[in-house]
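Novice: There's a structure below that I have some questions on.
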Amino acid sequence: MASSGDVNNRTAINMGQLYPHWQMVFNKYDEDADGRLSLAEMKKVVKCEHFEHDIPNRCIKRLLLKADQNKDGYIEYDEFLKMIQDPEVRTAFGHGLHTFISKTIVPRRPPPSVVLARAVDTTDYGEYEDEYSCNPPAVCMIIVSILEIIAFLYDVIQTGKSTVSGPAAKLFIYNPRERDEAWRYLTYMFVHVGVFHLAVNLMVQIMLGIPLEMVHRWWRVLLIYLAGVVAGSLGTSVSDPNVYLAGASGGVYAIMTAHIATIIMNFQEMQFAIYQLIVFLLLIVSDVGTAIYNRLHQVDDRVGYVAHLAGAVAGLLVGIQVLRNLEVRSWERVIWWASIILYFGLMITAIVWNVAFPEYFPRPYSELCVGSSC
């Protein structure tokens with residue numbers, strides 16, 4: 001009695017005889033004529049411009065893993081034939097593959113004793129870039145920017161100048177004497193000190209936010225942005241209890257370090273990941289270095305460096321938690337759990353500090369007015 005393996009091998013051979021064009025397809029994409037297809041060569045098969053659909057790289061990997069039935073790290077010709085007849089492969093590739101191979105394909109050389117190298121262990125740089133999409137449109141950070149512009153223009157119209165004493169600014173700014181108005185820990189992002197302050201924040205958050213939205217979707221980016229804003233005010237309240245806060249820099253720095261988070265979690269799936277990481281680290285280090293220098297030399301440049309740092313930390317930690325991880329590895333799970341513990345530990349500590357130690361902060365206006373006319 002023939003074994004199932006014998007039947008499958010015989011089936012594959014019969015298929016090869018019945019469909020000789022598959023040998024032509026195989027030979028066409030075996031560009032180095034070594035009798036094997038690398039992952040790069042295989043990608044050309046399934047991502048040819050004649051095909052109806054682009055196939056994500058991770059899907060290609062899964063298909064190749066499934067095709068390697070004897071798990072020897074290679075796809076032999078009979079396994080190749082089975083793979084292209086598999087219903088799942090047909091569904092993924094659509095009818096484009098069969099339309100393409102139905103045309104004349106001239107083999108470059110006689111059929112080799114075929115062994116298809118499946119390099120699924122090879123790092124697939126560029127898979128992250130394949131995830132960029134304009135559907136849905138990446139407009140979240142643009143909408144946030146428009147809201148910040150509206151708040152700024154409203155005060156300019158009301159006061160006739162760019163100032164933080166306008167009605168919107170007075171309502172939204174983080175004021176350490178009005179910490180009981182909890183919305184101020186978030187809404188200070190709508191207050192900006194001058195056109196330059198506003199323009200820089202808008203430019204950076206749009207330029208860095210949109211690429212994140214295109215891969216990770218708007219709600220993840222918005223969550224990181226708001227987490228950075230809140231972390232900026234909480235961090236500043238603990239380190240500099242007398243400081244007022246205006247601007248969206250906490251959110252901007254959160255978006256910046258969210259890029260570092262996605263580089264860390266998708267390092268092997270990204271092109272030029274190391275160069276991107278170096279650029280963002282240089283930006284962070286330069287800002288932190290400036291903050292340390294100004295603090296040591298008591299330079300008052302009216303910049304909330306602590307809000308920058310707190311927002312950056314929040315962006316990194318929340319980014320690790322919520323941004324998409326295309327290929328989850330065991331060590332990344334450890335980082336994910338560590339980021340959750342650290343983020344919530346820092347946030348709870350800052351909140352408890354604000355609630356439990358009111359004497360640490362400036363006295364509220366309501367207490368200053370007791371016994372006198374206000």
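Numbering starts fresh at 1 for the residues of each chain in the structure tokens, the chains themselves are lettered A, B, ... in the order given, and ligands are numbered from 1 as they appear.
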Report as a ChimeraX atom specification all protein, DNA and RNA residues lying within 9 Å of segment 280-286 of chain A, evaluated on only C-alpha atoms, omitting residues in the same chain fewer than 2 positions from it.
Specialist: /A:253,256-257,259-260,275-278,288-291,309,312
Novice: Counting only C-alpha atoms, which residues of segment 247-347 of chain A sit at most 12 Å from some atom of segment 181-200 of chain A, and what is each one's closest atom pair with its distance in Å to one decimal, listed by chain and rising residue number, as a Markdown table?
Specialist:
```
| residue | atom | partner | partner_atom | distance |
| --- | --- | --- | --- | --- |
| A:Gly247 | CA | A:Met189 | CA | 4.6 |
| A:Ala248 | CA | A:Met189 | CA | 4.1 |
| A:Ser249 | CA | A:Met189 | CA | 7.7 |
| A:Gly250 | CA | A:Met189 | CA | 8.2 |
| A:Gly251 | CA | A:Met189 | CA | 8.0 |
| A:Val252 | CA | A:Val200 | CA | 9.8 |
| A:Arg302 | CA | A:Val193 | CA | 10.0 |
| A:Val303 | CA | A:His197 | CA | 10.3 |
| A:Ala307 | CA | A:Tyr185 | CA | 11.2 |
| A:Gly311 | CA | A:Leu186 | CA | 11.9 |
```
Novice: Between A:Tyr128, A:Met265, A:Phe272, A:Asp78, single out the one closest to Val334 of chain A, counting only C-alpha atoms.
Specialist: A:Met265
Novice: Select, from A:Ile264, A:Ala258, A:Ile75, A:Ile173, the residue with the minimum atom-to-atom distance to Val313 of chain A, counting only C-alpha atoms.
Specialist: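 Residue with the minimum atom-to-atom distance to Val313 of chain A: A:Ala258.
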